[in-house]
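This report concerns only the one structure given below.
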Amino acid sequence: MDELLWAGADAQARALRDGWVTAPELAAAVLRRAEQLNPALNAFRVLYPVLEAAEAAQRRLDAGERTPLLGVPVAVKDDSDVAGDVTAQGGRPQFPPATRDSAAVARLRAAGAVIVGHTLTPERCLWPVTESLTFGATRNPWHLDHTPGGSSGGSAAAVAAGIVGAATGSDGGGSIRVPAAAAGVFGLKTTRGLVPMAPRVEGWHGLSSIGALGRRVADAAALLDVLTEGGGYRRAIDTDPGPLRIALAWRTPLGTPRLHPTTRRAVLDTADRLRALGHTVVEADPPLGARPTPQFIIRYLRGVADDVRALPNPEWLEPRTRKIVAVGRLVPDRALRWARAAEAGLHARMAPFLTEFDAILQPTWLRTPPTIGTFHGSGIITTWAGVSARIPYFPTWNVLGYPVATLPVGRDDLGLPIGVQLIGPTNSERLLLSASGQYERAHPWTDKKPTM
(Lines give C-alpha, C1' and ligand atoms only; values in the text may rest on other atoms or scores of the structure.)
Protein backbone atom coordinates (compact mmCIF):
# COMPACT_ATOMS: atom_id res chain seq x y z
CA MET A 1 0.00 0.00 0.00
CA ASP A 2 2.85 2.37 0.78
CA GLU A 3 4.26 1.81 -2.71
CA LEU A 4 0.85 2.51 -4.21
CA LEU A 5 0.57 5.81 -2.34
CA TRP A 6 3.91 6.89 -3.82
CA ALA A 7 2.95 5.62 -7.28
CA GLY A 8 0.66 8.56 -8.13
CA ALA A 9 -2.94 9.03 -9.17
CA ASP A 10 -2.71 7.42 -12.60
CA ALA A 11 -1.16 4.23 -11.21
CA GLN A 12 -3.76 4.20 -8.43
CA ALA A 13 -6.54 4.43 -11.00
CA ARG A 14 -5.05 1.45 -12.83
CA ALA A 15 -4.78 -0.55 -9.60
CA LEU A 16 -8.43 0.17 -8.84
CA ARG A 17 -9.52 -0.82 -12.34
CA ASP A 18 -7.56 -4.08 -12.13
CA GLY A 19 -8.88 -4.93 -8.66
CA TRP A 20 -5.52 -4.83 -6.88
CA VAL A 21 -7.05 -2.55 -4.26
CA THR A 22 -10.52 -1.26 -3.43
CA ALA A 23 -11.43 2.40 -3.27
CA PRO A 24 -12.26 2.23 0.47
CA GLU A 25 -8.90 0.57 1.21
CA LEU A 26 -7.01 3.21 -0.76
CA ALA A 27 -8.94 6.11 0.72
CA ALA A 28 -8.40 4.83 4.25
CA ALA A 29 -4.66 4.51 3.61
CA VAL A 30 -4.49 8.06 2.24
CA LEU A 31 -6.35 9.41 5.25
CA ARG A 32 -4.04 7.55 7.65
CA ARG A 33 -0.98 8.95 5.91
CA ALA A 34 -2.45 12.45 5.91
CA GLU A 35 -3.21 12.28 9.61
CA GLN A 36 0.32 11.00 10.26
CA LEU A 37 2.17 13.64 8.22
CA ASN A 38 -0.01 16.72 8.32
CA PRO A 39 1.01 17.80 11.84
CA ALA A 40 4.56 18.27 10.53
CA LEU A 41 3.74 19.45 6.99
CA ASN A 42 0.61 21.52 7.57
CA ALA A 43 -0.47 20.83 3.99
CA PHE A 44 -4.20 20.48 4.69
CA ARG A 45 -6.51 22.96 6.36
CA VAL A 46 -9.10 20.21 6.76
CA LEU A 47 -9.42 16.50 5.99
CA TYR A 48 -12.81 15.09 5.01
CA PRO A 49 -14.53 11.81 5.88
CA VAL A 50 -13.92 9.70 2.78
CA LEU A 51 -15.55 6.32 3.39
CA GLU A 52 -18.95 7.10 1.87
CA ALA A 53 -17.48 8.60 -1.31
CA ALA A 54 -15.02 5.72 -1.64
CA GLU A 55 -17.75 3.12 -1.25
CA ALA A 56 -19.82 4.88 -3.93
CA ALA A 57 -16.82 4.88 -6.25
CA GLN A 58 -16.25 1.17 -5.63
CA ARG A 59 -19.85 0.40 -6.58
CA ARG A 60 -19.26 2.21 -9.88
CA LEU A 61 -16.03 0.26 -10.44
CA ASP A 62 -17.77 -3.03 -9.67
CA ALA A 63 -20.45 -2.14 -12.21
CA GLY A 64 -17.78 -1.80 -14.89
CA GLU A 65 -17.66 1.99 -15.09
CA ARG A 66 -14.32 3.59 -15.91
CA THR A 67 -13.11 7.18 -15.63
CA PRO A 68 -9.54 8.53 -15.35
CA LEU A 69 -9.87 9.05 -11.58
CA LEU A 70 -12.68 6.76 -10.46
CA GLY A 71 -12.00 5.95 -6.79
CA VAL A 72 -8.73 7.91 -6.72
CA PRO A 73 -8.11 10.22 -3.72
CA VAL A 74 -7.31 13.82 -4.74
CA ALA A 75 -6.80 17.07 -2.84
CA VAL A 76 -8.35 20.43 -3.67
CA LYS A 77 -6.71 23.80 -3.18
CA ASP A 78 -8.57 25.97 -0.68
CA ASP A 79 -9.63 28.51 -3.28
CA SER A 80 -12.24 26.19 -4.84
CA ASP A 81 -15.62 25.67 -3.24
CA VAL A 82 -16.32 22.24 -1.80
CA ALA A 83 -19.95 21.86 -0.76
CA GLY A 84 -20.32 21.71 3.01
CA ASP A 85 -16.99 23.38 3.77
CA VAL A 86 -15.84 26.99 3.95
CA THR A 87 -13.40 28.31 1.36
CA ALA A 88 -10.78 30.05 3.47
CA GLN A 89 -8.16 31.07 0.89
CA GLY A 90 -5.52 31.09 3.59
CA GLY A 91 -7.28 33.46 5.98
CA ARG A 92 -10.04 33.62 8.53
CA PRO A 93 -13.15 32.29 6.71
CA GLN A 94 -15.53 35.11 5.82
CA PHE A 95 -18.48 33.21 4.40
CA PRO A 96 -20.57 30.22 5.51
CA PRO A 97 -19.85 26.76 4.11
CA ALA A 98 -20.45 26.50 0.37
CA THR A 99 -23.79 25.07 -0.66
CA ARG A 100 -22.49 23.95 -4.06
CA ASP A 101 -19.24 22.65 -5.45
CA SER A 102 -17.23 24.83 -7.77
CA ALA A 103 -17.30 23.69 -11.40
CA ALA A 104 -13.90 22.00 -11.08
CA VAL A 105 -14.85 20.13 -7.91
CA ALA A 106 -18.19 19.10 -9.41
CA ARG A 107 -16.33 17.53 -12.33
CA LEU A 108 -14.03 15.67 -9.96
CA ARG A 109 -17.01 14.28 -8.06
CA ALA A 110 -18.81 13.32 -11.28
CA ALA A 111 -15.75 11.35 -12.34
CA GLY A 112 -15.75 9.50 -9.01
CA ALA A 113 -12.62 11.07 -7.55
CA VAL A 114 -12.52 10.91 -3.73
CA ILE A 115 -11.87 14.42 -2.39
CA VAL A 116 -9.82 14.08 0.78
CA GLY A 117 -9.40 17.69 1.89
CA HIS A 118 -8.75 21.37 1.28
CA THR A 119 -5.05 22.24 0.97
CA LEU A 120 -3.55 25.40 2.42
CA THR A 121 -2.65 28.64 0.64
CA PRO A 122 -1.26 32.00 1.75
CA GLU A 123 -3.97 34.55 2.45
CA ARG A 124 -5.95 35.34 -0.72
CA CYS A 125 -3.36 33.28 -2.65
CA LEU A 126 -1.11 36.34 -2.82
CA TRP A 127 2.39 35.02 -2.21
CA PRO A 128 4.83 32.33 -3.42
CA VAL A 129 5.22 31.07 0.18
CA THR A 130 2.36 29.27 1.92
CA GLU A 131 2.33 30.97 5.29
CA SER A 132 -0.48 32.87 6.99
CA LEU A 133 -1.24 34.33 10.40
CA THR A 134 -4.41 32.22 10.55
CA PHE A 135 -3.07 28.77 9.65
CA GLY A 136 0.70 29.01 10.07
CA ALA A 137 3.33 27.73 7.67
CA THR A 138 3.17 24.83 5.23
CA ARG A 139 6.54 23.07 5.03
CA ASN A 140 8.51 21.45 2.25
CA PRO A 141 8.71 17.63 2.56
CA TRP A 142 12.29 17.74 1.24
CA HIS A 143 13.44 20.12 3.98
CA LEU A 144 10.99 21.11 6.69
CA ASP A 145 12.79 24.37 7.35
CA HIS A 146 11.97 25.60 3.83
CA THR A 147 8.78 26.63 2.08
CA PRO A 148 7.15 24.43 -0.57
CA GLY A 149 6.31 27.65 -2.38
CA GLY A 150 2.88 29.06 -3.04
CA SER A 151 0.21 29.78 -3.48
CA SER A 152 -0.64 26.13 -4.21
CA GLY A 153 1.88 25.12 -1.56
CA GLY A 154 -0.43 22.81 0.37
CA SER A 155 -1.29 20.88 -2.79
CA ALA A 156 2.37 20.57 -3.80
CA ALA A 157 3.42 19.44 -0.32
CA ALA A 158 0.64 16.84 -0.16
CA VAL A 159 1.69 15.37 -3.51
CA ALA A 160 5.42 15.51 -2.76
CA ALA A 161 4.91 13.71 0.55
CA GLY A 162 3.03 10.86 -1.11
CA ILE A 163 -0.26 11.64 0.62
CA VAL A 164 -2.21 12.09 -2.62
CA GLY A 165 -1.12 11.37 -6.16
CA ALA A 166 -2.70 14.50 -7.62
CA ALA A 167 -4.14 17.80 -6.48
CA THR A 168 -5.68 20.89 -7.99
CA GLY A 169 -3.93 24.23 -8.04
CA SER A 170 -4.45 27.66 -9.50
CA ASP A 171 -1.90 29.99 -11.05
CA GLY A 172 -2.21 33.76 -11.29
CA GLY A 173 1.49 34.60 -11.22
CA GLY A 174 3.27 31.27 -10.82
CA SER A 175 1.13 29.67 -8.10
CA ILE A 176 1.24 26.16 -9.60
CA ARG A 177 4.73 26.35 -11.08
CA VAL A 178 6.43 27.95 -8.05
CA PRO A 179 5.46 25.15 -5.63
CA ALA A 180 5.83 22.39 -8.21
CA ALA A 181 9.46 23.42 -8.68
CA ALA A 182 10.08 23.86 -4.94
CA ALA A 183 8.52 20.52 -3.99
CA GLY A 184 9.81 18.43 -6.89
CA VAL A 185 6.50 17.48 -8.49
CA PHE A 186 5.03 17.97 -11.95
CA GLY A 187 2.81 20.99 -12.38
CA LEU A 188 0.71 22.21 -15.27
CA LYS A 189 -0.60 25.74 -15.58
CA THR A 190 -3.36 25.55 -18.19
CA THR A 191 -4.37 27.88 -20.97
CA ARG A 192 -6.61 30.68 -19.71
CA GLY A 193 -10.23 29.52 -19.78
CA LEU A 194 -9.49 25.84 -20.45
CA VAL A 195 -10.76 24.77 -17.00
CA PRO A 196 -13.96 26.51 -15.84
CA MET A 197 -13.54 28.72 -12.76
CA ALA A 198 -17.26 28.99 -11.90
CA PRO A 199 -18.72 30.41 -9.75
CA ARG A 200 -16.03 32.96 -10.66
CA VAL A 201 -15.94 34.29 -14.21
CA GLU A 202 -12.16 34.73 -14.16
CA GLY A 203 -9.37 35.33 -11.67
CA TRP A 204 -7.36 38.55 -11.31
CA HIS A 205 -8.65 39.94 -14.61
CA GLY A 206 -7.55 36.97 -16.66
CA LEU A 207 -4.22 36.22 -15.01
CA SER A 208 -5.35 33.09 -13.17
CA SER A 209 -6.21 29.60 -14.36
CA ILE A 210 -6.89 26.25 -12.68
CA GLY A 211 -4.43 23.44 -13.27
CA ALA A 212 -2.94 20.28 -11.82
CA LEU A 213 -0.06 18.94 -9.76
CA GLY A 214 0.99 15.28 -9.73
CA ARG A 215 3.74 12.90 -8.74
CA ARG A 216 4.18 12.10 -12.41
CA VAL A 217 3.17 13.72 -15.67
CA ALA A 218 0.40 11.16 -16.13
CA ASP A 219 -1.19 12.14 -12.82
CA ALA A 220 -1.66 15.76 -13.87
CA ALA A 221 -2.85 14.67 -17.31
CA ALA A 222 -5.49 12.35 -15.85
CA LEU A 223 -6.67 15.17 -13.60
CA LEU A 224 -6.87 17.49 -16.59
CA ASP A 225 -8.92 14.95 -18.53
CA VAL A 226 -11.49 15.15 -15.74
CA LEU A 227 -11.35 18.92 -15.22
CA THR A 228 -11.94 19.45 -18.94
CA GLU A 229 -14.44 16.60 -19.27
CA GLY A 230 -12.00 14.57 -21.34
CA GLY A 231 -9.54 15.95 -23.81
CA GLY A 232 -7.06 13.19 -24.60
CA TYR A 233 -4.47 14.66 -22.27
CA ARG A 234 -3.58 11.34 -20.64
CA ARG A 235 -3.17 9.72 -24.07
CA ALA A 236 -0.75 12.48 -25.04
CA ILE A 237 1.74 11.22 -22.44
CA ASP A 238 2.43 8.09 -24.45
CA THR A 239 2.72 9.95 -27.77
CA ASP A 240 6.13 10.87 -29.16
CA PRO A 241 6.19 14.66 -29.61
CA GLY A 242 8.58 14.43 -32.55
CA PRO A 243 11.58 16.73 -32.85
CA LEU A 244 10.78 20.10 -31.30
CA ARG A 245 12.40 23.48 -31.78
CA ILE A 246 12.91 24.84 -28.25
CA ALA A 247 14.12 28.31 -27.29
CA LEU A 248 16.21 28.47 -24.13
CA ALA A 249 15.24 31.91 -22.82
CA TRP A 250 17.30 33.52 -20.07
CA ARG A 251 15.80 36.99 -20.20
CA THR A 252 12.79 38.18 -18.15
CA PRO A 253 10.92 41.50 -18.41
CA LEU A 254 13.17 42.68 -15.56
CA GLY A 255 16.35 41.75 -17.42
CA THR A 256 18.55 38.68 -17.24
CA PRO A 257 18.73 37.70 -13.58
CA ARG A 258 21.66 36.05 -11.89
CA LEU A 259 20.91 32.42 -11.17
CA HIS A 260 22.62 30.37 -8.52
CA PRO A 261 25.33 28.34 -10.32
CA THR A 262 23.71 25.02 -9.37
CA THR A 263 20.37 26.19 -10.75
CA ARG A 264 21.93 27.45 -13.97
CA ARG A 265 23.79 24.18 -14.44
CA ALA A 266 20.55 22.22 -13.97
CA VAL A 267 18.86 24.27 -16.70
CA LEU A 268 21.79 23.77 -19.06
CA ASP A 269 21.82 20.04 -18.31
CA THR A 270 18.09 19.91 -19.10
CA ALA A 271 18.75 21.56 -22.45
CA ASP A 272 21.40 18.94 -23.21
CA ARG A 273 19.04 16.14 -22.23
CA LEU A 274 16.36 17.54 -24.54
CA ARG A 275 18.90 17.67 -27.35
CA ALA A 276 19.76 14.04 -26.68
CA LEU A 277 16.06 13.23 -27.11
CA GLY A 278 16.18 14.67 -30.62
CA HIS A 279 15.06 18.25 -30.01
CA THR A 280 16.81 21.39 -31.20
CA VAL A 281 17.50 23.76 -28.28
CA VAL A 282 19.03 27.17 -28.97
CA GLU A 283 19.31 30.28 -26.83
CA ALA A 284 16.69 32.83 -27.90
CA ASP A 285 14.61 35.33 -25.92
CA PRO A 286 10.98 36.18 -26.77
CA PRO A 287 10.69 39.72 -28.21
CA LEU A 288 8.68 41.14 -25.33
CA GLY A 289 11.12 43.37 -23.47
CA ALA A 290 9.72 44.93 -20.30
CA ARG A 291 6.16 45.20 -21.66
CA PRO A 292 4.56 42.34 -19.64
CA THR A 293 5.55 43.83 -16.26
CA PRO A 294 3.21 46.86 -16.09
CA GLN A 295 0.40 44.79 -17.58
CA PHE A 296 0.86 42.15 -14.89
CA ILE A 297 1.16 44.60 -12.00
CA ILE A 298 -2.00 46.50 -12.97
CA ARG A 299 -4.09 43.36 -13.40
CA TYR A 300 -2.68 41.75 -10.25
CA LEU A 301 -3.18 44.77 -7.97
CA ARG A 302 -6.63 45.58 -9.27
CA GLY A 303 -7.54 41.89 -9.27
CA VAL A 304 -6.62 41.52 -5.60
CA ALA A 305 -8.64 44.63 -4.71
CA ASP A 306 -11.68 43.45 -6.66
CA ASP A 307 -11.31 39.96 -5.18
CA VAL A 308 -11.83 41.21 -1.62
CA ARG A 309 -14.44 43.85 -2.44
CA ALA A 310 -17.31 41.57 -1.45
CA LEU A 311 -15.78 40.37 1.83
CA PRO A 312 -18.03 41.18 4.80
CA ASN A 313 -15.09 41.66 7.18
CA PRO A 314 -12.05 43.07 5.34
CA GLU A 315 -10.62 44.12 8.70
CA TRP A 316 -9.91 40.42 9.36
CA LEU A 317 -7.28 40.39 6.60
CA GLU A 318 -3.58 40.46 7.45
CA PRO A 319 -2.00 43.95 7.57
CA ARG A 320 0.07 43.49 4.39
CA THR A 321 -2.97 42.08 2.58
CA ARG A 322 -4.97 45.17 3.54
CA LYS A 323 -2.15 47.36 2.25
CA ILE A 324 -1.92 45.62 -1.10
CA VAL A 325 -5.70 45.93 -1.41
CA ALA A 326 -5.44 49.64 -0.70
CA VAL A 327 -2.87 50.02 -3.46
CA GLY A 328 -5.03 47.99 -5.85
CA ARG A 329 -8.00 50.25 -5.24
CA LEU A 330 -5.93 53.14 -6.60
CA VAL A 331 -5.68 51.47 -10.02
CA PRO A 332 -8.20 53.33 -12.21
CA ASP A 333 -10.52 51.65 -14.69
CA ARG A 334 -8.71 53.26 -17.62
CA ALA A 335 -5.42 51.65 -16.54
CA LEU A 336 -7.11 48.26 -16.28
CA ARG A 337 -8.65 48.70 -19.72
CA TRP A 338 -5.23 49.58 -21.12
CA ALA A 339 -3.60 46.54 -19.52
CA ARG A 340 -6.23 44.18 -20.89
CA ALA A 341 -6.09 45.70 -24.37
CA ALA A 342 -2.28 45.80 -24.43
CA GLU A 343 -2.12 42.02 -24.18
CA ALA A 344 -2.98 41.83 -27.89
CA GLY A 345 0.29 43.58 -28.66
CA LEU A 346 2.22 40.90 -26.78
CA HIS A 347 0.49 38.16 -28.75
CA ALA A 348 1.33 39.96 -31.98
CA ARG A 349 4.99 40.12 -30.96
CA MET A 350 5.02 36.44 -30.01
CA ALA A 351 3.39 35.21 -33.23
CA PRO A 352 6.57 35.23 -35.40
CA PHE A 353 8.60 33.80 -32.53
CA LEU A 354 6.17 30.91 -32.18
CA THR A 355 6.47 30.09 -35.86
CA GLU A 356 10.18 29.64 -35.30
CA PHE A 357 9.91 27.72 -32.00
CA ASP A 358 7.49 25.10 -30.70
CA ALA A 359 8.24 25.69 -27.01
CA ILE A 360 10.31 27.78 -24.63
CA LEU A 361 12.57 26.47 -21.86
CA GLN A 362 13.13 28.68 -18.81
CA PRO A 363 14.31 28.42 -15.19
CA THR A 364 11.92 28.61 -12.24
CA TRP A 365 13.34 29.78 -8.88
CA LEU A 366 16.60 31.71 -9.15
CA ARG A 367 17.95 29.94 -6.08
CA THR A 368 16.86 27.83 -3.11
CA PRO A 369 13.33 28.67 -1.90
CA PRO A 370 13.40 30.68 1.36
CA THR A 371 13.26 29.27 4.83
CA ILE A 372 10.04 29.28 6.81
CA GLY A 373 9.36 32.66 8.36
CA THR A 374 11.65 34.68 6.10
CA PHE A 375 8.80 37.12 5.42
CA HIS A 376 6.84 36.58 8.62
CA GLY A 377 5.69 39.94 9.94
CA SER A 378 7.16 41.80 6.97
CA GLY A 379 5.28 44.64 5.35
CA ILE A 380 4.12 44.81 1.76
CA ILE A 381 7.27 46.43 0.37
CA THR A 382 9.69 43.98 1.99
CA THR A 383 7.55 40.99 1.05
CA TRP A 384 6.93 42.15 -2.52
CA ALA A 385 10.59 42.94 -3.16
CA GLY A 386 11.81 39.78 -1.49
CA VAL A 387 9.56 37.36 -3.33
CA SER A 388 9.72 39.14 -6.70
CA ALA A 389 13.50 38.94 -6.68
CA ARG A 390 13.29 35.13 -6.52
CA ILE A 391 10.66 34.39 -9.18
CA PRO A 392 10.90 36.78 -12.17
CA TYR A 393 10.43 33.98 -14.71
CA PHE A 394 6.76 33.31 -13.94
CA PRO A 395 4.31 36.25 -14.44
CA THR A 396 4.82 36.84 -18.19
CA TRP A 397 2.96 33.66 -19.06
CA ASN A 398 -0.02 34.64 -16.92
CA VAL A 399 -0.34 37.89 -18.86
CA LEU A 400 -0.35 35.94 -22.13
CA GLY A 401 -2.47 33.09 -20.74
CA TYR A 402 -0.18 30.39 -22.16
CA PRO A 403 0.07 26.84 -20.75
CA VAL A 404 3.27 25.98 -18.89
CA ALA A 405 4.60 22.65 -17.61
CA THR A 406 7.02 22.51 -14.68
CA LEU A 407 9.37 19.51 -14.51
CA PRO A 408 11.71 18.44 -11.70
CA VAL A 409 15.23 18.22 -13.13
CA GLY A 410 17.70 18.15 -10.25
CA ARG A 411 18.62 19.03 -6.65
CA ASP A 412 20.35 22.06 -5.21
CA ASP A 413 23.15 22.13 -2.64
CA LEU A 414 20.67 21.54 0.22
CA GLY A 415 18.96 18.66 -1.55
CA LEU A 416 15.89 20.71 -2.46
CA PRO A 417 14.37 20.15 -5.91
CA ILE A 418 15.16 22.29 -8.94
CA GLY A 419 12.57 22.65 -11.69
CA VAL A 420 12.33 24.10 -15.16
CA GLN A 421 9.44 25.55 -17.14
CA LEU A 422 8.38 24.38 -20.58
CA ILE A 423 6.11 26.99 -22.16
CA GLY A 424 3.91 26.53 -25.20
CA PRO A 425 1.42 28.63 -27.15
CA THR A 426 -2.29 28.74 -26.35
CA ASN A 427 -3.92 25.30 -26.11
CA SER A 428 -0.65 23.38 -26.49
CA GLU A 429 -1.20 21.29 -23.35
CA ARG A 430 -1.04 18.02 -25.27
CA LEU A 431 2.31 18.95 -26.80
CA LEU A 432 3.72 19.97 -23.42
CA LEU A 433 2.46 16.77 -21.81
CA SER A 434 3.90 14.66 -24.61
CA ALA A 435 7.31 16.33 -24.32
CA SER A 436 7.20 16.14 -20.52
CA GLY A 437 6.28 12.47 -20.61
CA GLN A 438 9.16 11.76 -22.97
CA TYR A 439 11.57 13.59 -20.68
CA GLU A 440 10.25 11.79 -17.60
CA ARG A 441 10.71 8.37 -19.19
CA ALA A 442 14.33 9.23 -19.99
CA HIS A 443 15.04 10.99 -16.69
CA PRO A 444 12.56 9.82 -14.01
CA TRP A 445 12.36 11.88 -10.84
CA THR A 446 10.12 9.77 -8.58
CA ASP A 447 12.79 7.23 -7.66
CA LYS A 448 13.88 9.53 -4.84
CA LYS A 449 11.45 10.37 -2.06
CA PRO A 450 11.64 12.98 0.71
CA THR A 451 12.47 11.53 4.09
CA MET A 452 10.88 14.40 6.05
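Numbering starts fresh at 1 for the residues of each chain in the C-alpha coordinates, the chains themselves are lettered A, B, ... in the order given, and ligands are numbered from 1 as they appear.
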Looking only at helix (DSSP H, G or I) from DSSP on the backbone, list the matching residues of range 234-356 of chain A as a PyMOL selection string.
chain A and resi 234-236+261-276+292-307+314-316+319-328+333-356
Need to verify the contact set: Leu274 in chain A, 10 Å, only C-alpha atoms, exclusion of same-chain residues closer than 2 positions in sequence. Can you return it as a VMD selection string?
chain A and resid 243 to 244 246 268 to 272 276 to 281 435 438 to 439 442
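Minimum atom-to-atom distance to Trp445 in chain A, evaluated using only C-alpha atoms, belongs to A:Ala7 out of A:Pro369, A:Leu248, A:Asn140, A:Ala7.
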Who sits within 8 Å of range 410-421 of chain A, only C-alpha atoms, same chain under 5 positions skipped, as number ranges by chain
A: 142-143, 177, 180-184, 262-263, 266-267, 360-365, 368, 404-405
For the residues in the current selection, export N, CA and C atoms as an mmCIF file, in the first residue's frame.
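This is the output file part37.cif:
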data_model
loop_
_atom_site.group_PDB
_atom_site.id
_atom_site.type_symbol
_atom_site.label_atom_id
_atom_site.label_comp_id
_atom_site.auth_asym_id
_atom_site.auth_seq_id
_atom_site.Cartn_x
_atom_site.Cartn_y
_atom_site.Cartn_z
ATOM 1 N N TRP A 142 10.869 18.005 1.477
ATOM 2 C CA TRP A 142 12.286 17.737 1.244
ATOM 3 C C TRP A 142 13.176 18.376 2.292
ATOM 4 N N HIS A 143 12.673 19.417 2.938
ATOM 5 C CA HIS A 143 13.444 20.118 3.977
ATOM 6 C C HIS A 143 12.441 20.954 4.760
ATOM 7 N N ARG A 177 3.354 26.632 -10.665
ATOM 8 C CA ARG A 177 4.733 26.351 -11.076
ATOM 9 C C ARG A 177 5.736 26.593 -9.953
ATOM 10 N N ALA A 180 5.425 23.625 -7.532
ATOM 11 C CA ALA A 180 5.831 22.389 -8.211
ATOM 12 C C ALA A 180 7.349 22.293 -8.273
ATOM 13 N N ALA A 181 7.993 23.414 -8.618
ATOM 14 C CA ALA A 181 9.455 23.420 -8.680
ATOM 15 C C ALA A 181 10.067 23.245 -7.298
ATOM 16 N N ALA A 182 9.517 23.918 -6.287
ATOM 17 C CA ALA A 182 10.080 23.861 -4.939
ATOM 18 C C ALA A 182 9.919 22.488 -4.306
ATOM 19 N N ALA A 183 8.820 21.795 -4.631
ATOM 20 C CA ALA A 183 8.518 20.520 -3.987
ATOM 21 C C ALA A 183 8.876 19.318 -4.850
ATOM 22 N N GLY A 184 9.361 19.538 -6.060
ATOM 23 C CA GLY A 184 9.813 18.426 -6.886
ATOM 24 C C GLY A 184 8.705 17.571 -7.449
ATOM 25 N N THR A 262 24.293 26.367 -9.313
ATOM 26 C CA THR A 262 23.711 25.021 -9.368
ATOM 27 C C THR A 262 22.422 25.019 -10.173
ATOM 28 N N THR A 263 21.623 26.080 -10.005
ATOM 29 C CA THR A 263 20.373 26.191 -10.755
ATOM 30 C C THR A 263 20.657 26.364 -12.242
ATOM 31 N N ALA A 266 21.673 23.139 -13.784
ATOM 32 C CA ALA A 266 20.546 22.218 -13.965
ATOM 33 C C ALA A 266 19.756 22.568 -15.219
ATOM 34 N N VAL A 267 19.577 23.853 -15.489
ATOM 35 C CA VAL A 267 18.861 24.265 -16.698
ATOM 36 C C VAL A 267 19.651 23.882 -17.941
ATOM 37 N N ILE A 360 9.292 26.952 -25.266
ATOM 38 C CA ILE A 360 10.310 27.783 -24.625
ATOM 39 C C ILE A 360 10.722 27.114 -23.329
ATOM 40 N N LEU A 361 12.011 27.019 -23.095
ATOM 41 C CA LEU A 361 12.569 26.467 -21.860
ATOM 42 C C LEU A 361 13.080 27.615 -21.009
ATOM 43 N N GLN A 362 12.669 27.649 -19.729
ATOM 44 C CA GLN A 362 13.126 28.684 -18.811
ATOM 45 C C GLN A 362 13.351 28.107 -17.419
ATOM 46 N N PRO A 363 14.171 28.805 -16.601
ATOM 47 C CA PRO A 363 14.305 28.421 -15.193
ATOM 48 C C PRO A 363 13.011 28.690 -14.426
ATOM 49 N N THR A 364 13.018 28.294 -13.157
ATOM 50 C CA THR A 364 11.917 28.612 -12.237
ATOM 51 C C THR A 364 12.480 29.532 -11.140
ATOM 52 N N TRP A 365 12.711 29.009 -9.949
ATOM 53 C CA TRP A 365 13.341 29.783 -8.884
ATOM 54 C C TRP A 365 14.778 30.143 -9.287
ATOM 55 N N THR A 368 17.612 28.622 -4.070
ATOM 56 C CA THR A 368 16.856 27.829 -3.108
ATOM 57 C C THR A 368 15.672 28.609 -2.548
ATOM 58 N N VAL A 404 1.879 26.182 -19.291
ATOM 59 C CA VAL A 404 3.269 25.979 -18.891
ATOM 60 C C VAL A 404 3.362 24.705 -18.051
ATOM 61 N N ALA A 405 4.297 23.842 -18.412
ATOM 62 C CA ALA A 405 4.601 22.652 -17.613
ATOM 63 C C ALA A 405 5.845 22.910 -16.785
#
Here is a test: counting only C-alpha atoms, which residue of A:Ala220, A:Val304, A:Leu16, A:Val86 is nearest to Arg59 in chain A?
A:Leu16
Judged by only C-alpha atoms, the minimum distance to Gly169 in chain A among A:Thr67, A:Thr355, A:Thr121, A:Thr134 is found for A:Thr121
